[in-house]
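Worksheet for the structure shown next.
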Amino acid sequence: MCRWCEGAALGLDGFAVERREDARLAGIAWQGSHADAVAGGLAEALTRLRERIVEEQSFAPGPLVVVTLAGQGDEVRCFAGGRLAEGAVPPSGLETLAVAASDYAVANHHRAEGEVLDRYAAMLDWIRAERLTRDRSNWQHREEYPLHADFARPEAVRLMVPVKAAG
C-alpha cells in the first residue's frame with residue numbers, strides 16, 4: 001500500500017463506522033456551483049494542491065481530505081487539504097482548518113460501481129438502519145482520496161458522513 005493511503009475496515013455490507021482523531025489540515029478553500037465541480041473545477045484545485053503536498057515537508061503521510069461545508073442552493077463549499085505533521089508550520093499560501101475528532105459512517109466507492117451519489121444514498125439508508133444520526137454540526141461530509149489519484153475520474157474514494165449514536 002502507498003504510504004499516502006489509509007486502509008479500510010468495512011463490514012460485509014460495505015459500510016462501517018470509523019473514528020478520525022483531531023487533525024490540522026493545510027490546503028485551500030474551494031467554492032463553486034455543483035456544475036462547476038462536475039466540470040472539473042474542484043479536480044483542478046485538488047491537482048494543484050497535490051503538487052504542494054508532495055513538495056512540502058510539513059505534511060504527514062495520508063490521503064488528501066475534502067470536507068464539504070453547508071452551502072446555499074446549488075453552492076458547493078469545500079476545504080481540501082493534507083494533514084499536517086505534528087508541530088509542523090503550514091506552508092505559506094495555504095489556509096488551515098482544524099478538524100475535530102469525529103465518528104463517521106464510511107464506505108469505499110469505486111468508479112466501476114456507478115455514481116457516487118447513489119453510494120451516498122445507500123450509506124444514508126444504512127445510517128438509518130443502524131440507528132445512527134447524521135452530525136451536521138461542522139460539515140456535511142468528508143471524502144478521502146489517495147494522493148496520487150486522478151481527481152477528475154478517481155478510481156476509488158473513501159466516502160464519510162459524520163454520525164453520532166441516536167439518542
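Here, A, B, ... name the chains of the C-alpha cells in the order displayed, residue numbers run from 1 inside each chain, and ligands are numbered from 1 in the same displayed order.
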
Query - DSSP strand (DSSP E or B) residues within region 2-133 of chain A, as number ranges by chain - result: A: 16-20, 23-33, 59, 64-69, 75-84, 95-99, 102-110, 132-133

Mind dumping a table of every region 27-124 of chain A residue within 6 Å of region 141-146 of chain A, with the nearest atom pair and its distance in Å to one decimal, using only C-alpha atoms, sorted by chain and rising number, as CSV?
```
residue,atom,partner,partner_atom,distance
A:Pro63,CA,A:Pro146,CA,4.9
A:Leu64,CA,A:Tyr145,CA,5.2
A:Val65,CA,A:Glu144,CA,4.7
A:Val66,CA,A:Glu143,CA,5.2
A:Val67,CA,A:Arg142,CA,4.4
A:Thr68,CA,A:His141,CA,5.5
```

Query raised in the report: Of the candidates A:Arg83, A:Arg77, A:Arg48, A:Arg131, which shows the shortest atom-to-atom distance to Pro61 (chain A), using only C-alpha atoms?
Result: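 Closest to Pro61 (chain A) of all the choices is A:Arg83.
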
Counting only C-alpha atoms, what is within 12 Å of Leu46 (chain A), bar same-chain residues fewer than 6 positions away, as a CSV table (one decimal) with C-alpha atoms, in the first residue's frame?
```csv
chain,number,residue,atom,x,y,z
A,27,GLY,CA,-4.9,23.4,2.0
A,28,ILE,CA,-7.4,25.5,0.0
A,29,ALA,CA,-11.0,26.6,0.3
A,30,TRP,CA,-12.9,25.9,-2.9
A,37,ALA,CA,-17.5,20.9,-9.5
A,40,GLY,CA,-13.6,19.8,-13.1
A,52,ARG,CA,2.2,21.4,-2.9
A,53,ILE,CA,1.7,18.4,-0.6
A,63,PRO,CA,-4.9,10.8,1.9
A,64,LEU,CA,-6.0,14.1,0.5
A,65,VAL,CA,-9.1,15.2,2.5
A,66,VAL,CA,-12.0,17.1,1.2
A,78,CYS,CA,-15.2,22.7,0.3
A,79,PHE,CA,-11.9,22.7,2.1
A,80,ALA,CA,-9.3,20.4,0.6
A,81,GLY,CA,-6.1,19.7,2.4
A,82,GLY,CA,-3.5,17.4,3.7
A,144,GLU,CA,-10.5,10.9,1.3
A,145,TYR,CA,-8.6,10.4,-1.9
A,146,PRO,CA,-5.4,8.6,-2.5
A,147,LEU,CA,-2.9,11.3,-3.0
A,148,HIS,CA,-1.9,10.0,-6.5
A,149,ALA,CA,-5.5,9.7,-7.7
A,150,ASP,CA,-6.8,11.1,-11.0
A,151,PHE,CA,-9.1,13.6,-9.3
A,152,ALA,CA,-11.2,14.1,-12.5
A,154,PRO,CA,-10.8,8.8,-9.3
```

Report task. Just the residues within 9 Å of Val89 (chain A), please, counting only C-alpha atoms, with nothing from its chain fewer than 4 positions along; format it as a PyMOL selection string. Result -> chain A and resi 58+84-85

Would you mind exporting C-alpha atoms of the selected residues as a PDB file, in the first residue's frame?
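Contents of out-v9.pdb, freshly written:
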```
ATOM      1  CA  SER A  58       5.091  19.836   6.552  1.00  0.00           C
ATOM      2  CA  LEU A  84      -0.014  18.496   8.793  1.00  0.00           C
ATOM      3  CA  ALA A  85       2.680  16.608  10.664  1.00  0.00           C
TER       4      ALA A  85
END
```

**Report entry** Contacts of region 13-19 of chain A at 7 Å (only C-alpha atoms; same-chain gap of 3+ positions) as a list in words
**Finding:**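 Residues near the query, excluding close chain neighbours: Leu10, Ser102, Asp103, Tyr104, Ala105, Val106 and Ala107 of chain A.
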
Restricting it to all heavy atoms, dump the selection as a short mmCIF file (atom, residue, chain, number, x, y, z; two decimals), in the first residue's frame.
```cif
data_model
loop_
_atom_site.label_atom_id
_atom_site.label_comp_id
_atom_site.auth_asym_id
_atom_site.auth_seq_id
_atom_site.Cartn_x
_atom_site.Cartn_y
_atom_site.Cartn_z
N LEU A 10 -14.08 -2.40 6.65
CA LEU A 10 -15.51 -2.35 6.37
C LEU A 10 -16.18 -3.67 6.69
O LEU A 10 -15.57 -4.73 6.62
CB LEU A 10 -15.74 -2.01 4.90
CG LEU A 10 -15.14 -0.69 4.44
CD1 LEU A 10 -15.36 -0.51 2.95
CD2 LEU A 10 -15.72 0.47 5.21
N SER A 102 -14.06 12.90 15.18
CA SER A 102 -15.45 12.60 14.88
C SER A 102 -15.58 11.15 14.46
O SER A 102 -14.63 10.54 13.97
CB SER A 102 -15.95 13.50 13.75
OG SER A 102 -17.32 13.33 13.53
N ASP A 103 -16.78 10.61 14.65
CA ASP A 103 -17.12 9.30 14.13
C ASP A 103 -17.79 9.49 12.77
O ASP A 103 -18.55 10.44 12.57
CB ASP A 103 -18.09 8.58 15.07
CG ASP A 103 -17.43 8.18 16.37
OD1 ASP A 103 -16.23 7.86 16.37
OD2 ASP A 103 -18.12 8.20 17.41
N TYR A 104 -17.52 8.58 11.86
CA TYR A 104 -18.05 8.67 10.50
C TYR A 104 -18.61 7.32 10.07
O TYR A 104 -18.01 6.28 10.34
CB TYR A 104 -16.94 9.03 9.50
CG TYR A 104 -16.35 10.39 9.68
CD1 TYR A 104 -15.23 10.58 10.49
CD2 TYR A 104 -16.88 11.49 9.01
CE1 TYR A 104 -14.68 11.85 10.64
CE2 TYR A 104 -16.33 12.74 9.16
CZ TYR A 104 -15.24 12.92 9.97
OH TYR A 104 -14.69 14.17 10.12
N ALA A 105 -19.72 7.36 9.36
CA ALA A 105 -20.13 6.22 8.56
C ALA A 105 -19.24 6.28 7.33
O ALA A 105 -19.06 7.36 6.74
CB ALA A 105 -21.60 6.32 8.18
N VAL A 106 -18.66 5.15 6.95
CA VAL A 106 -17.70 5.15 5.85
C VAL A 106 -18.03 4.06 4.84
O VAL A 106 -18.64 3.03 5.17
CB VAL A 106 -16.24 4.96 6.35
CG1 VAL A 106 -15.84 6.07 7.28
CG2 VAL A 106 -16.07 3.61 7.01
N ALA A 107 -17.61 4.30 3.62
CA ALA A 107 -17.69 3.31 2.55
C ALA A 107 -16.68 3.68 1.48
O ALA A 107 -16.45 4.86 1.22
CB ALA A 107 -19.09 3.27 1.93
#
```

Query raised in the report: For the atom pair CA of Thr133 (chain A) and CA of Gly73 (chain A), what is the interatomic distance in Å to one decimal place?
Result: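 According to the coordinates, CA of Thr133 (chain A) and CA of Gly73 (chain A) are separated by 22.9 Å.
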
Which residues in chain A does DSSP call alpha helix (DSSP H)? List them as a tab-separated table (two decimals) with N, CA and C atoms, in the first residue's frame.
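Result file follows (states_38.tsv):
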```
chain	number	residue	atom	x	y	z
A	34	HIS	N	-22.52	23.26	-8.25
A	34	HIS	CA	-22.40	21.82	-8.49
A	34	HIS	C	-21.89	21.58	-9.91
A	35	ALA	N	-22.38	22.37	-10.87
A	35	ALA	CA	-21.94	22.26	-12.26
A	35	ALA	C	-20.44	22.56	-12.38
A	36	ASP	N	-19.95	23.55	-11.63
A	36	ASP	CA	-18.51	23.86	-11.64
A	36	ASP	C	-17.69	22.67	-11.15
A	37	ALA	N	-18.18	22.02	-10.09
A	37	ALA	CA	-17.48	20.87	-9.54
A	37	ALA	C	-17.46	19.72	-10.55
A	38	VAL	N	-18.61	19.44	-11.17
A	38	VAL	CA	-18.70	18.37	-12.15
A	38	VAL	C	-17.84	18.67	-13.37
A	41	GLY	N	-13.73	21.86	-11.85
A	41	GLY	CA	-13.14	22.93	-11.04
A	41	GLY	C	-12.49	22.43	-9.77
A	42	LEU	N	-13.17	21.58	-9.04
A	42	LEU	CA	-12.60	21.03	-7.81
A	42	LEU	C	-11.44	20.10	-8.12
A	43	ALA	N	-11.56	19.29	-9.16
A	43	ALA	CA	-10.48	18.37	-9.54
A	43	ALA	C	-9.20	19.13	-9.88
A	44	GLU	N	-9.32	20.26	-10.57
A	44	GLU	CA	-8.15	21.07	-10.90
A	44	GLU	C	-7.50	21.62	-9.63
A	45	ALA	N	-8.34	22.07	-8.69
A	45	ALA	CA	-7.81	22.59	-7.43
A	45	ALA	C	-7.09	21.48	-6.65
A	46	LEU	N	-7.64	20.28	-6.65
A	46	LEU	CA	-7.02	19.15	-5.95
A	46	LEU	C	-5.68	18.78	-6.59
A	47	THR	N	-5.61	18.84	-7.90
A	47	THR	CA	-4.36	18.52	-8.59
A	47	THR	C	-3.27	19.53	-8.23
A	48	ARG	N	-3.62	20.82	-8.21
A	48	ARG	CA	-2.64	21.85	-7.82
A	48	ARG	C	-2.21	21.66	-6.36
A	49	LEU	N	-3.17	21.34	-5.50
A	49	LEU	CA	-2.85	21.13	-4.10
A	49	LEU	C	-1.92	19.93	-3.91
A	50	ARG	N	-2.16	18.86	-4.64
A	50	ARG	CA	-1.30	17.67	-4.54
A	50	ARG	C	0.17	18.04	-4.78
A	51	GLU	N	0.41	18.89	-5.77
A	51	GLU	CA	1.79	19.28	-6.05
A	51	GLU	C	2.45	19.91	-4.83
A	52	ARG	N	1.70	20.75	-4.12
A	52	ARG	CA	2.23	21.37	-2.90
A	52	ARG	C	2.49	20.34	-1.80
A	53	ILE	N	1.54	19.41	-1.63
A	53	ILE	CA	1.68	18.41	-0.58
A	53	ILE	C	2.90	17.54	-0.80
A	54	VAL	N	3.13	17.14	-2.05
A	54	VAL	CA	4.28	16.29	-2.37
A	54	VAL	C	5.59	17.04	-2.17
A	55	GLU	N	5.62	18.35	-2.47
A	55	GLU	CA	6.85	19.14	-2.39
A	55	GLU	C	7.22	19.54	-0.96
A	116	VAL	N	-21.38	8.20	-7.44
A	116	VAL	CA	-21.08	8.49	-6.04
A	116	VAL	C	-22.35	8.83	-5.27
A	117	LEU	N	-23.24	9.61	-5.89
A	117	LEU	CA	-24.47	10.00	-5.19
A	117	LEU	C	-25.33	8.79	-4.83
A	118	ASP	N	-25.32	7.75	-5.66
A	118	ASP	CA	-26.06	6.53	-5.33
A	118	ASP	C	-25.43	5.83	-4.12
A	119	ARG	N	-24.12	5.85	-4.05
A	119	ARG	CA	-23.43	5.23	-2.90
A	119	ARG	C	-23.74	6.00	-1.62
A	120	TYR	N	-23.75	7.34	-1.72
A	120	TYR	CA	-24.12	8.14	-0.55
A	120	TYR	C	-25.57	7.84	-0.13
A	121	ALA	N	-26.48	7.68	-1.08
A	121	ALA	CA	-27.87	7.37	-0.75
A	121	ALA	C	-27.96	6.04	0.00
A	122	ALA	N	-27.21	5.03	-0.47
A	122	ALA	CA	-27.19	3.74	0.23
A	122	ALA	C	-26.60	3.89	1.62
A	123	MET	N	-25.58	4.74	1.76
A	123	MET	CA	-24.98	4.96	3.07
A	123	MET	C	-25.98	5.60	4.02
A	124	LEU	N	-26.75	6.57	3.54
A	124	LEU	CA	-27.75	7.21	4.39
A	124	LEU	C	-28.81	6.21	4.84
A	125	ASP	N	-29.20	5.29	3.95
A	125	ASP	CA	-30.13	4.23	4.35
A	125	ASP	C	-29.50	3.35	5.44
A	126	TRP	N	-28.23	3.01	5.28
A	126	TRP	CA	-27.52	2.19	6.27
A	126	TRP	C	-27.45	2.92	7.61
A	127	ILE	N	-27.19	4.22	7.58
A	127	ILE	CA	-27.12	5.01	8.82
A	127	ILE	C	-28.45	4.91	9.57
A	128	ARG	N	-29.55	5.08	8.85
A	128	ARG	CA	-30.87	4.96	9.49
A	128	ARG	C	-31.10	3.56	10.03
A	129	ALA	N	-30.74	2.54	9.27
A	129	ALA	CA	-30.94	1.15	9.70
A	129	ALA	C	-30.11	0.83	10.96
```

Query raised in the report: Quick one: of A:Val99, A:Ala112, A:Leu132, A:Leu94, who's nearest to Val157 (chain A), counting only C-alpha atoms?
Result: A:Ala112

Query - For Ser33 (chain A): contacts at 6 Å, only C-alpha atoms, fewer than 6 positions along chain excluded, given as a ChimeraX atom specification - result: /A:74-76

Report task. Rank nothing, just name the residue among A:Arg136, A:Glu21, A:Phe59, A:Ala70 nearest to Gly87 (chain A), using only C-alpha atoms. Result -> A:Phe59

**Report entry** Contacts of Ala100 (chain A) at 9 Å (only C-alpha atoms; same-chain gap of 4+ positions) as a ChimeraX atom specification
**Finding:** /A:20-24,138

Report summary line: Computed gap from CA of Gln140 (chain A) to CA of Gly32 (chain A) is 15.8 Å

Query raised in the report: Quick one: distance from CA of Ala26 (chain A) to CA of Asp135 (chain A) in Å, one decimal?
Result: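 Going from CA of Ala26 (chain A) over to CA of Asp135 (chain A), I get 23.2 Å.
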